[in-house]
Structure formats: C-alpha cells, structure tokens
Amino acid sequence: MKLYVSTARQSIISKFKPLEKSRLFELSITNPKELKKCLADTAGSTLVYIDVSTSNKAQITKLLKESAGDSQYRVGIVDETGVVDDPGQLFHQGAVDYISKKALQGGITAARLKKAFSFCNFETAAGDNVDVKPPAPEWRLSGSSWANVKSGQEYTFCLMFVEIDLIDEWKNKSGSAHLDEVKAAFQQHVGQFAAELSGKIWMWMDLCGLILFPFDGERCDQILGGMRLILNRAIISAEKYDYHTTISYKLAMHIGNTVYRSRGNTGTIVSDTVNFLFHVGHQFAQPGNFYLTGPVARFIPENLRECFVSAGVFEGVPIHRMRLPVSPSRRRAAAGGITISP
C-alpha cells in the first residue's frame, strides 16, 4: 500500500515515521511544494495525507476534485492546528479520511490506515489480498514438464484461451482463402508461443484455441509470456504476419483440473475448468485484452502486480485484467515513462 504524507511539520512526520517499519505500507514523506510532481509520477493506488496548515485551500480543493475521479490516488486530511471548521465538507468533496489534532496526538496506527485504504474504493490491483497458493486439496499437479503426464489421468494445468480479433475489413472484404490464411498464420504463431513455454495447443476451433501448460504449483511463467504477446503486438505483426496491419487477439488464463488426453482425442472430455475458460473467452473477454482468473493472479510476480487490475467477477470467479498501453496524452507511469491505462 503506497502512502504519501505531504507536510513540512516535523511533529506530523514523527507520527507517521513509525509506519516505515510496517511491511504493509510504502511510506514517502514529501514537501508540499513537491506534491504535484510526486502525484504526477506515482503509479498504482496511493493514499495521500495532506497537512492543511502547510497547503493552501485552493490546492487542497483541486486535489480533492481530481482524486474523486482518479483511480491512482485518494486524499486524507491532517489537521494538527484545528483550522478546518467543518470536516464533513471535506468528505463531501472526496476526502477519505480526516485526522484531527486529538487523533494525531493519539498516534497513527496501521489499523487506521488499513481502514482508510478500504474506504478508498481503488480499482484493486491483482495479487493484493490473495493467497500464495490455492488450497492443497485442489491440486493434482502435472509438474514442470510433460514427462509424467499420462493420458486419461486428471491433473491441474495452467490453461490459456486465445482468439484472434478479426478486423472488419477482413470480415467484410476478404475472401475465404485469405481468411483461412490469416487463421493458419495465427494458429502457427500460437503454437510457437506455446512451445517456447513448454505448452501445447490442446484444442482448436476456427478462430480460437486452448493452450495447455504443465503446472507445478510453484510458479506460472506464462503470465509474463502473455504480457509479452500483448505488449509486442506491433513487432509480432511485422515479423510473423504480412498483412500491413497490427494483429489483435484476446487472452485469458486459468488454473484448474481436467482429464488429459492428446490433441484430437479431447471430444469426450467433460471438464468444468475447460468450459469455464471458454465462457470467459467468449462471454467476458474484450478484444485486445489479457485476463487472469483468481487462481492465476496468486502467481503474478510481485513487481508486476500493479500491471493488473480487478475486472470483476464472472461465474463466481474473480477476474483480473492487464492494464494496456494507451496514447501518450494519458497519464504516464513513473517507471520508464510507460503510459498505461487505468
């Protein structure tokens, strides 16, 4: 949880400083003069406490208005000198917390800040508040390779749904021969991608397919592989397709159990896991996006969690969406100047 405190008063800083020892918060103290720049650079959900005695009213009003419609940060007010006549008005303007002189003297606890964060209504970052592993009884691990996977046995796999997004020009103007060529090129590309991550195309139907990856219960490197597919679409389109346009596709990943049979012999398989993932791909996923179900989100690397946000719940399962690159006119994230969507 990212926490900014904007103040020039040591008495306030001293009350927040103990939180540096907490593993729950990433605390930054900033001078009010530098606050605007800090907020412009921040990436991810951030709670900002502003000392009203060292910030002017116009600045606070502006920040409250911006934060009310901003998924990146929310504002709390610290009133050590008791200058605020009507704290309730602050909440009407979008504040999420108000720390009075008396409350400050009593000390700022991690429990209070956790409540403040829960009140913020941030778009939840994937990987937050999820278990490291699903319950052990659900696991029938297929392992880190295909060596011990036997036909007819049930295992826990990592599965990826992939579907090409046909542009309208292809749908309306291209002949069947050209469309077949596009589909074949896409299937070949997906097969190469899967093989590089120890996976294989398991099922394929016209525009979409299901990739199966062995799963050892410890890591899920295919998450990074899916991110590369999304971020490198322009390069991939130039290298692997010769259609003078950027190829678009949607991806969805899930972890679950299914009986394994070799490709071409899957027609008799009855699997809730497989059915659910196809439902996600066809009924929930939007073109050009990458989704992870709750079981997969547990394995997002720590430094990539802010790249995914909650997309809601589908058929009782939490779904997370990868934040996509957008035009330079949108807000820039601090790391490397990469522009990402909310």
# chains A, B, ... in the order shown; residues from 1 in each chain; ligands from 1
$ residues_around --residues "Val83 in chain A" --least-positions-apart "3" --cutoff "12 Å" --atoms "only C-alpha atoms" --output "ChimeraX atom specification"
/A:51-57,77-80,86-87,99-101
$ write_last_selection --atoms "N, CA and C atoms" --output "mmCIF file, in the first residue's frame"
data_model
loop_
_atom_site.group_PDB
_atom_site.id
_atom_site.type_symbol
_atom_site.label_atom_id
_atom_site.label_comp_id
_atom_site.auth_asym_id
_atom_site.auth_seq_id
_atom_site.Cartn_x
_atom_site.Cartn_y
_atom_site.Cartn_z
ATOM 1 N N ASP A 51 -1.278 17.921 4.898
ATOM 2 C CA ASP A 51 -1.299 18.793 6.075
ATOM 3 C C ASP A 51 -1.921 20.127 5.663
ATOM 4 N N VAL A 52 -3.120 20.434 6.188
ATOM 5 C CA VAL A 52 -3.812 21.652 5.763
ATOM 6 C C VAL A 52 -3.091 22.924 6.211
ATOM 7 N N SER A 53 -2.241 22.811 7.220
ATOM 8 C CA SER A 53 -1.557 24.015 7.707
ATOM 9 C C SER A 53 -0.416 24.432 6.797
ATOM 10 N N THR A 54 0.060 23.544 5.936
ATOM 11 C CA THR A 54 1.167 23.893 5.031
ATOM 12 C C THR A 54 0.747 23.791 3.564
ATOM 13 N N SER A 55 -0.547 23.712 3.303
ATOM 14 C CA SER A 55 -1.063 23.700 1.928
ATOM 15 C C SER A 55 -2.199 24.701 1.838
ATOM 16 N N ASN A 56 -2.279 25.402 0.730
ATOM 17 C CA ASN A 56 -3.349 26.390 0.622
ATOM 18 C C ASN A 56 -4.677 25.729 0.244
ATOM 19 N N LYS A 57 -5.754 26.417 0.570
ATOM 20 C CA LYS A 57 -7.098 25.870 0.390
ATOM 21 C C LYS A 57 -7.385 25.536 -1.062
ATOM 22 N N ILE A 77 -6.901 14.141 5.033
ATOM 23 C CA ILE A 77 -6.523 15.455 5.558
ATOM 24 C C ILE A 77 -5.985 15.319 6.985
ATOM 25 N N VAL A 78 -4.850 15.984 7.232
ATOM 26 C CA VAL A 78 -4.283 16.060 8.578
ATOM 27 C C VAL A 78 -4.458 17.494 9.079
ATOM 28 N N ASP A 79 -5.156 17.658 10.187
ATOM 29 C CA ASP A 79 -5.477 18.991 10.708
ATOM 30 C C ASP A 79 -4.916 19.159 12.124
ATOM 31 N N GLU A 80 -3.601 19.281 12.210
ATOM 32 C CA GLU A 80 -2.950 19.356 13.516
ATOM 33 C C GLU A 80 -3.287 20.636 14.272
ATOM 34 N N ASP A 86 -15.346 22.664 9.297
ATOM 35 C CA ASP A 86 -16.393 21.681 9.003
ATOM 36 C C ASP A 86 -15.771 20.476 8.296
ATOM 37 N N PRO A 87 -15.228 19.495 9.023
ATOM 38 C CA PRO A 87 -14.593 18.329 8.400
ATOM 39 C C PRO A 87 -15.528 17.561 7.474
ATOM 40 N N ILE A 99 -7.822 13.452 9.953
ATOM 41 C CA ILE A 99 -7.093 13.236 11.204
ATOM 42 C C ILE A 99 -7.037 14.553 11.961
ATOM 43 N N SER A 100 -7.784 14.605 13.046
ATOM 44 C CA SER A 100 -7.841 15.816 13.870
ATOM 45 C C SER A 100 -6.596 15.917 14.754
ATOM 46 N N LYS A 101 -6.464 17.037 15.449
ATOM 47 C CA LYS A 101 -5.343 17.249 16.360
ATOM 48 C C LYS A 101 -5.311 16.167 17.426
#
$ residues_around --residues "Trp146 in chain A" --least-positions-apart "2" --cutoff "10 Å" --atoms "only C-alpha atoms" --output "PyMOL selection string"
chain A and resi 142-144+148-150+198-199+213-215
$ residues_around --residues "range 187-197 of chain A" --least-positions-apart "4" --cutoff "12 Å" --atoms "only C-alpha atoms" --output "JSON, numbers by chain"
{"A": [144, 145, 146, 158, 159, 160, 161, 162, 163, 164, 180, 181, 182, 183, 201, 202, 203, 204, 205, 206, 207, 208, 209, 210, 211, 212, 213, 214, 215, 220, 221, 222, 223, 224, 225, 226, 228, 229, 233, 236, 237, 239, 240, 241, 247, 249, 250, 251]}
$ closest_residue --among "A:Asp85, A:Glu315, A:Glu302, A:Glu138" --to "Thr156 in chain A" --atoms "only C-alpha atoms"
A:Glu138
$ atom_distance --atom1 "CA of Asp272 in chain A" --atom2 "CA of Trp139 in chain A"
15.0 Å
$ atom_distance --atom1 "CA of Gly88 in chain A" --atom2 "CA of Ala8 in chain A"
24.7 Å
$ closest_residue --among "A:Tyr98, A:Arg74, A:Ser271, A:Phe276" --to "Val259 in chain A" --atoms "only C-alpha atoms"
A:Ser271
$ closest_residue --among "A:Ile50, A:Lys36, A:Phe25, A:Gly82" --to "Ile13 in chain A" --atoms "only C-alpha atoms"
A:Ile50
$ residues_around --residues "range 280-295 of chain A" --least-positions-apart "3" --cutoff "7 Å" --atoms "only C-alpha atoms" --output "ChimeraX atom specification"
/A:134,161,165,248-255,276-277,298,317-322
$ residues_around --residues "Gln89 in chain A" --least-positions-apart "5" --cutoff "12 Å" --atoms "only C-alpha atoms" --output "list of chain:residue names"
A:Thr61, A:Leu64, A:Ile77, A:Val84, A:Gly94, A:Ala95, A:Val96, A:Asp97, A:Tyr98
$ write_last_selection --atoms "all heavy atoms" --output "PDB file, in the first residue's frame"
ATOM      1  N   THR A  61      -8.547  21.855  -2.473  1.00  0.00           N
ATOM      2  CA  THR A  61      -9.813  21.702  -3.201  1.00  0.00           C
ATOM      3  C   THR A  61      -9.586  21.072  -4.558  1.00  0.00           C
ATOM      4  O   THR A  61     -10.327  20.179  -4.991  1.00  0.00           O
ATOM      5  CB  THR A  61     -10.499  23.065  -3.362  1.00  0.00           C
ATOM      6  OG1 THR A  61     -10.760  23.619  -2.068  1.00  0.00           O
ATOM      7  CG2 THR A  61     -11.813  22.924  -4.120  1.00  0.00           C
ATOM      8  N   LEU A  64      -8.652  17.328  -4.155  1.00  0.00           N
ATOM      9  CA  LEU A  64      -9.824  16.539  -3.792  1.00  0.00           C
ATOM     10  C   LEU A  64     -10.705  16.282  -5.012  1.00  0.00           C
ATOM     11  O   LEU A  64     -11.211  15.173  -5.217  1.00  0.00           O
ATOM     12  CB  LEU A  64     -10.627  17.248  -2.705  1.00  0.00           C
ATOM     13  CG  LEU A  64     -10.044  17.213  -1.294  1.00  0.00           C
ATOM     14  CD1 LEU A  64     -10.820  18.147  -0.375  1.00  0.00           C
ATOM     15  CD2 LEU A  64     -10.066  15.793  -0.738  1.00  0.00           C
ATOM     16  N   ILE A  77      -6.901  14.141   5.033  1.00  0.00           N
ATOM     17  CA  ILE A  77      -6.523  15.455   5.558  1.00  0.00           C
ATOM     18  C   ILE A  77      -5.985  15.319   6.985  1.00  0.00           C
ATOM     19  O   ILE A  77      -6.575  14.636   7.823  1.00  0.00           O
ATOM     20  CB  ILE A  77      -7.731  16.415   5.570  1.00  0.00           C
ATOM     21  CG1 ILE A  77      -8.277  16.588   4.151  1.00  0.00           C
ATOM     22  CG2 ILE A  77      -7.345  17.758   6.174  1.00  0.00           C
ATOM     23  CD1 ILE A  77      -7.306  17.212   3.173  1.00  0.00           C
ATOM     24  N   VAL A  84      -9.701  23.490  10.251  1.00  0.00           N
ATOM     25  CA  VAL A  84     -10.874  23.092   9.478  1.00  0.00           C
ATOM     26  C   VAL A  84     -12.121  23.248  10.340  1.00  0.00           C
ATOM     27  O   VAL A  84     -12.256  22.599  11.380  1.00  0.00           O
ATOM     28  CB  VAL A  84     -10.753  21.640   8.976  1.00  0.00           C
ATOM     29  CG1 VAL A  84     -12.014  21.228   8.224  1.00  0.00           C
ATOM     30  CG2 VAL A  84      -9.525  21.487   8.087  1.00  0.00           C
ATOM     31  N   GLY A  94     -14.710  14.649  -1.428  1.00  0.00           N
ATOM     32  CA  GLY A  94     -13.967  13.474  -1.894  1.00  0.00           C
ATOM     33  C   GLY A  94     -12.893  12.961  -0.966  1.00  0.00           C
ATOM     34  O   GLY A  94     -12.189  11.993  -1.312  1.00  0.00           O
ATOM     35  N   ALA A  95     -12.682  13.572   0.207  1.00  0.00           N
ATOM     36  CA  ALA A  95     -11.683  13.079   1.152  1.00  0.00           C
ATOM     37  C   ALA A  95     -12.077  11.704   1.671  1.00  0.00           C
ATOM     38  O   ALA A  95     -13.268  11.386   1.777  1.00  0.00           O
ATOM     39  CB  ALA A  95     -11.521  14.049   2.323  1.00  0.00           C
ATOM     40  N   VAL A  96     -11.080  10.887   2.007  1.00  0.00           N
ATOM     41  CA  VAL A  96     -11.362   9.542   2.514  1.00  0.00           C
ATOM     42  C   VAL A  96     -11.004   9.407   3.995  1.00  0.00           C
ATOM     43  O   VAL A  96     -11.322   8.391   4.619  1.00  0.00           O
ATOM     44  CB  VAL A  96     -10.612   8.459   1.699  1.00  0.00           C
ATOM     45  CG1 VAL A  96     -11.080   8.459   0.255  1.00  0.00           C
ATOM     46  CG2 VAL A  96      -9.102   8.660   1.783  1.00  0.00           C
ATOM     47  N   ASP A  97     -10.338  10.431   4.566  1.00  0.00           N
ATOM     48  CA  ASP A  97     -10.001  10.383   5.987  1.00  0.00           C
ATOM     49  C   ASP A  97      -9.728  11.799   6.484  1.00  0.00           C
ATOM     50  O   ASP A  97      -9.327  12.682   5.715  1.00  0.00           O
ATOM     51  CB  ASP A  97      -8.764   9.502   6.219  1.00  0.00           C
ATOM     52  CG  ASP A  97      -8.585   9.106   7.685  1.00  0.00           C
ATOM     53  OD1 ASP A  97      -9.524   9.348   8.480  1.00  0.00           O
ATOM     54  OD2 ASP A  97      -7.528   8.540   8.024  1.00  0.00           O
ATOM     55  N   TYR A  98      -9.970  12.001   7.771  1.00  0.00           N
ATOM     56  CA  TYR A  98      -9.691  13.289   8.411  1.00  0.00           C
ATOM     57  C   TYR A  98      -9.052  12.995   9.762  1.00  0.00           C
ATOM     58  O   TYR A  98      -9.657  12.324  10.616  1.00  0.00           O
ATOM     59  CB  TYR A  98     -10.970  14.105   8.603  1.00  0.00           C
ATOM     60  CG  TYR A  98     -10.771  15.349   9.442  1.00  0.00           C
ATOM     61  CD1 TYR A  98     -10.212  16.502   8.899  1.00  0.00           C
ATOM     62  CD2 TYR A  98     -11.143  15.366  10.794  1.00  0.00           C
ATOM     63  CE1 TYR A  98     -10.023  17.642   9.670  1.00  0.00           C
ATOM     64  CE2 TYR A  98     -10.966  16.502  11.572  1.00  0.00           C
ATOM     65  CZ  TYR A  98     -10.393  17.636  10.997  1.00  0.00           C
ATOM     66  OH  TYR A  98     -10.198  18.757  11.772  1.00  0.00           O
TER      67      TYR A  98
END
$ closest_residue --among "A:Val75, A:Leu39, A:Ala297, A:Ile235" --to "Val309 in chain A" --atoms "only C-alpha atoms"
A:Ala297
$ select_by_dssp --residues "range 189-228 of chain A" --states "strand (DSSP E or B)" --output "ChimeraX atom specification"
/A:200-205,208-214
$ atom_distance --atom1 "CA of Lys15 in chain A" --atom2 "CA of Gln105 in chain A"
8.0 Å
$ select_by_dssp --residues "range 90-269 of chain A" --states "helix (DSSP H, G or I)" --output "CSV table (one decimal) with N, CA and C atoms, in the first residue's frame"
chain,number,residue,atom,x,y,z
A,90,LEU,N,-15.2,18.2,3.8
A,90,LEU,CA,-14.1,17.5,3.1
A,90,LEU,C,-14.5,16.2,2.5
A,91,PHE,N,-15.3,15.4,3.2
A,91,PHE,CA,-15.8,14.1,2.7
A,91,PHE,C,-16.8,14.3,1.6
A,92,HIS,N,-17.5,15.4,1.6
A,92,HIS,CA,-18.4,15.7,0.5
A,92,HIS,C,-17.6,16.0,-0.8
A,101,LYS,N,-6.5,17.0,15.4
A,101,LYS,CA,-5.3,17.2,16.4
A,101,LYS,C,-5.3,16.2,17.4
A,102,LYS,N,-6.5,15.9,18.0
A,102,LYS,CA,-6.6,14.9,19.0
A,102,LYS,C,-6.2,13.5,18.5
A,103,ALA,N,-6.7,13.1,17.3
A,103,ALA,CA,-6.4,11.8,16.7
A,103,ALA,C,-4.9,11.7,16.4
A,104,LEU,N,-4.3,12.8,16.0
A,104,LEU,CA,-2.9,12.8,15.6
A,104,LEU,C,-2.0,12.6,16.9
A,105,GLN,N,-2.4,13.2,18.0
A,105,GLN,CA,-1.7,13.1,19.2
A,105,GLN,C,-1.8,11.6,19.7
A,110,ALA,N,-1.4,1.4,12.0
A,110,ALA,CA,-1.6,0.6,10.8
A,110,ALA,C,-3.0,0.2,10.6
A,111,ALA,N,-3.7,-0.1,11.7
A,111,ALA,CA,-5.1,-0.5,11.6
A,111,ALA,C,-6.0,0.7,11.1
A,112,ARG,N,-5.7,1.9,11.5
A,112,ARG,CA,-6.5,3.0,11.0
A,112,ARG,C,-6.3,3.2,9.5
A,113,LEU,N,-5.0,3.1,9.1
A,113,LEU,CA,-4.7,3.3,7.7
A,113,LEU,C,-5.3,2.2,6.8
A,114,LYS,N,-5.3,1.0,7.3
A,114,LYS,CA,-5.9,-0.1,6.5
A,114,LYS,C,-7.4,0.2,6.3
A,115,LYS,N,-8.1,0.7,7.3
A,115,LYS,CA,-9.5,1.1,7.2
A,115,LYS,C,-9.6,2.2,6.1
A,116,ALA,N,-8.7,3.2,6.2
A,116,ALA,CA,-8.7,4.3,5.2
A,116,ALA,C,-8.6,3.8,3.8
A,117,PHE,N,-7.6,2.8,3.6
A,117,PHE,CA,-7.4,2.2,2.3
A,117,PHE,C,-8.7,1.5,1.8
A,118,SER,N,-9.3,0.8,2.7
A,118,SER,CA,-10.5,0.0,2.3
A,118,SER,C,-11.7,1.0,1.9
A,119,PHE,N,-11.6,2.2,2.5
A,119,PHE,CA,-12.6,3.2,2.2
A,119,PHE,C,-12.4,3.9,0.8
A,136,ALA,N,-4.4,-26.9,-0.9
A,136,ALA,CA,-3.7,-28.1,-1.4
A,136,ALA,C,-4.6,-29.2,-1.9
A,137,PRO,N,-5.8,-29.4,-1.3
A,137,PRO,CA,-6.7,-30.5,-1.8
A,137,PRO,C,-7.1,-30.3,-3.3
A,138,GLU,N,-7.1,-29.1,-3.8
A,138,GLU,CA,-7.5,-28.8,-5.2
A,138,GLU,C,-6.4,-29.3,-6.2
A,168,ASP,N,-12.8,-5.6,-39.2
A,168,ASP,CA,-14.0,-5.5,-40.0
A,168,ASP,C,-13.6,-5.7,-41.5
A,169,GLU,N,-12.5,-5.2,-41.9
A,169,GLU,CA,-12.1,-5.2,-43.3
A,169,GLU,C,-11.9,-6.7,-43.7
A,170,TRP,N,-11.3,-7.5,-42.9
A,170,TRP,CA,-11.2,-8.9,-43.2
A,170,TRP,C,-12.5,-9.6,-43.2
A,171,LYS,N,-13.4,-9.3,-42.3
A,171,LYS,CA,-14.7,-9.9,-42.2
A,171,LYS,C,-15.6,-9.6,-43.5
A,172,ASN,N,-15.5,-8.3,-43.9
A,172,ASN,CA,-16.4,-7.9,-44.9
A,172,ASN,C,-15.9,-8.0,-46.3
A,173,LYS,N,-14.5,-7.9,-46.5
A,173,LYS,CA,-14.0,-7.8,-47.8
A,173,LYS,C,-13.1,-8.9,-48.3
A,176,SER,N,-12.7,-16.2,-48.6
A,176,SER,CA,-12.5,-17.3,-47.6
A,176,SER,C,-11.0,-17.8,-47.7
A,177,ALA,N,-10.4,-17.7,-48.8
A,177,ALA,CA,-9.0,-18.2,-48.9
A,177,ALA,C,-8.1,-17.3,-48.1
A,178,HIS,N,-8.3,-16.0,-48.1
A,178,HIS,CA,-7.4,-15.1,-47.4
A,178,HIS,C,-7.7,-15.3,-45.9
A,179,LEU,N,-9.0,-15.4,-45.5
A,179,LEU,CA,-9.3,-15.6,-44.1
A,179,LEU,C,-8.7,-16.9,-43.6
A,180,ASP,N,-8.7,-18.0,-44.4
A,180,ASP,CA,-8.1,-19.2,-44.0
A,180,ASP,C,-6.6,-19.0,-43.8
A,181,GLU,N,-6.0,-18.2,-44.6
A,181,GLU,CA,-4.5,-17.9,-44.5
A,181,GLU,C,-4.2,-17.2,-43.2
A,182,VAL,N,-5.1,-16.2,-42.8
A,182,VAL,CA,-4.9,-15.5,-41.6
A,182,VAL,C,-5.0,-16.4,-40.4
A,183,LYS,N,-6.0,-17.3,-40.4
A,183,LYS,CA,-6.3,-18.2,-39.3
A,183,LYS,C,-5.1,-19.2,-39.2
A,184,ALA,N,-4.6,-19.6,-40.3
A,184,ALA,CA,-3.5,-20.6,-40.2
A,184,ALA,C,-2.2,-19.9,-39.7
A,185,ALA,N,-2.0,-18.7,-40.1
A,185,ALA,CA,-0.8,-18.0,-39.6
A,185,ALA,C,-0.9,-17.7,-38.1
A,186,PHE,N,-2.2,-17.4,-37.6
A,186,PHE,CA,-2.4,-17.2,-36.2
A,186,PHE,C,-2.2,-18.5,-35.4
A,187,GLN,N,-2.7,-19.6,-35.9
A,187,GLN,CA,-2.5,-20.9,-35.2
A,187,GLN,C,-1.1,-21.3,-35.1
A,188,GLN,N,-0.3,-21.0,-36.2
A,188,GLN,CA,1.1,-21.3,-36.2
A,188,GLN,C,1.8,-20.5,-35.2
A,189,HIS,N,1.5,-19.2,-35.1
A,189,HIS,CA,2.1,-18.3,-34.1
A,189,HIS,C,1.8,-18.8,-32.7
A,190,VAL,N,0.6,-19.1,-32.5
A,190,VAL,CA,0.2,-19.6,-31.1
A,190,VAL,C,0.9,-20.8,-30.7
A,191,GLY,N,1.1,-21.7,-31.7
A,191,GLY,CA,1.8,-23.0,-31.4
A,191,GLY,C,3.3,-22.7,-31.1
A,192,GLN,N,3.9,-21.8,-31.8
A,192,GLN,CA,5.3,-21.4,-31.5
A,192,GLN,C,5.4,-20.8,-30.1
A,193,PHE,N,4.5,-19.9,-29.8
A,193,PHE,CA,4.4,-19.3,-28.4
A,193,PHE,C,4.3,-20.3,-27.3
A,194,ALA,N,3.4,-21.3,-27.5
A,194,ALA,CA,3.1,-22.3,-26.5
A,194,ALA,C,4.4,-23.2,-26.3
A,195,ALA,N,5.0,-23.6,-27.4
A,195,ALA,CA,6.2,-24.4,-27.3
A,195,ALA,C,7.3,-23.8,-26.5
A,196,GLU,N,7.5,-22.5,-26.7
A,196,GLU,CA,8.5,-21.7,-26.0
A,196,GLU,C,8.3,-21.7,-24.5
A,222,GLN,N,3.9,-18.3,-17.6
A,222,GLN,CA,3.1,-18.0,-18.7
A,222,GLN,C,2.4,-16.6,-18.6
A,223,ILE,N,2.3,-16.1,-17.4
A,223,ILE,CA,1.8,-14.8,-17.2
A,223,ILE,C,2.6,-13.8,-17.9
A,224,LEU,N,4.0,-13.8,-17.7
A,224,LEU,CA,4.9,-12.9,-18.4
A,224,LEU,C,4.8,-13.1,-19.9
A,225,GLY,N,4.7,-14.4,-20.3
A,225,GLY,CA,4.6,-14.7,-21.7
A,225,GLY,C,3.4,-14.0,-22.4
A,226,GLY,N,2.2,-14.1,-21.7
A,226,GLY,CA,1.0,-13.4,-22.2
A,226,GLY,C,1.2,-11.9,-22.2
A,227,MET,N,1.9,-11.3,-21.2
A,227,MET,CA,2.1,-9.9,-21.3
A,227,MET,C,2.9,-9.5,-22.5
A,228,ARG,N,3.9,-10.3,-22.8
A,228,ARG,CA,4.8,-10.1,-24.0
A,228,ARG,C,3.9,-10.1,-25.3
A,229,LEU,N,3.0,-11.1,-25.3
A,229,LEU,CA,2.2,-11.1,-26.5
A,229,LEU,C,1.4,-9.9,-26.7
A,230,ILE,N,0.9,-9.3,-25.6
A,230,ILE,CA,0.1,-8.1,-25.7
A,230,ILE,C,1.0,-6.9,-26.0
A,231,LEU,N,2.1,-6.7,-25.3
A,231,LEU,CA,2.9,-5.5,-25.4
A,231,LEU,C,3.7,-5.5,-26.8
A,233,ARG,N,2.7,-6.6,-29.8
A,233,ARG,CA,1.8,-6.9,-30.9
A,233,ARG,C,2.3,-6.2,-32.2
A,234,ALA,N,2.8,-5.0,-32.1
A,234,ALA,CA,3.3,-4.3,-33.3
A,234,ALA,C,4.5,-5.1,-34.0
A,235,ILE,N,5.4,-5.5,-33.1
A,235,ILE,CA,6.6,-6.2,-33.6
A,235,ILE,C,6.2,-7.5,-34.1
A,236,ILE,N,5.3,-8.2,-33.4
A,236,ILE,CA,4.9,-9.6,-33.8
A,236,ILE,C,4.2,-9.5,-35.1
A,237,SER,N,3.3,-8.5,-35.3
A,237,SER,CA,2.6,-8.3,-36.5
A,237,SER,C,3.5,-8.1,-37.7
A,238,ALA,N,4.6,-7.4,-37.5
A,238,ALA,CA,5.6,-7.2,-38.6
A,238,ALA,C,6.4,-8.4,-38.9
A,239,GLU,N,6.7,-9.2,-37.8
A,239,GLU,CA,7.6,-10.3,-38.0
A,239,GLU,C,6.9,-11.6,-38.5
A,240,LYS,N,5.7,-11.8,-38.0
A,240,LYS,CA,5.1,-13.1,-38.2
A,240,LYS,C,3.9,-13.0,-39.1
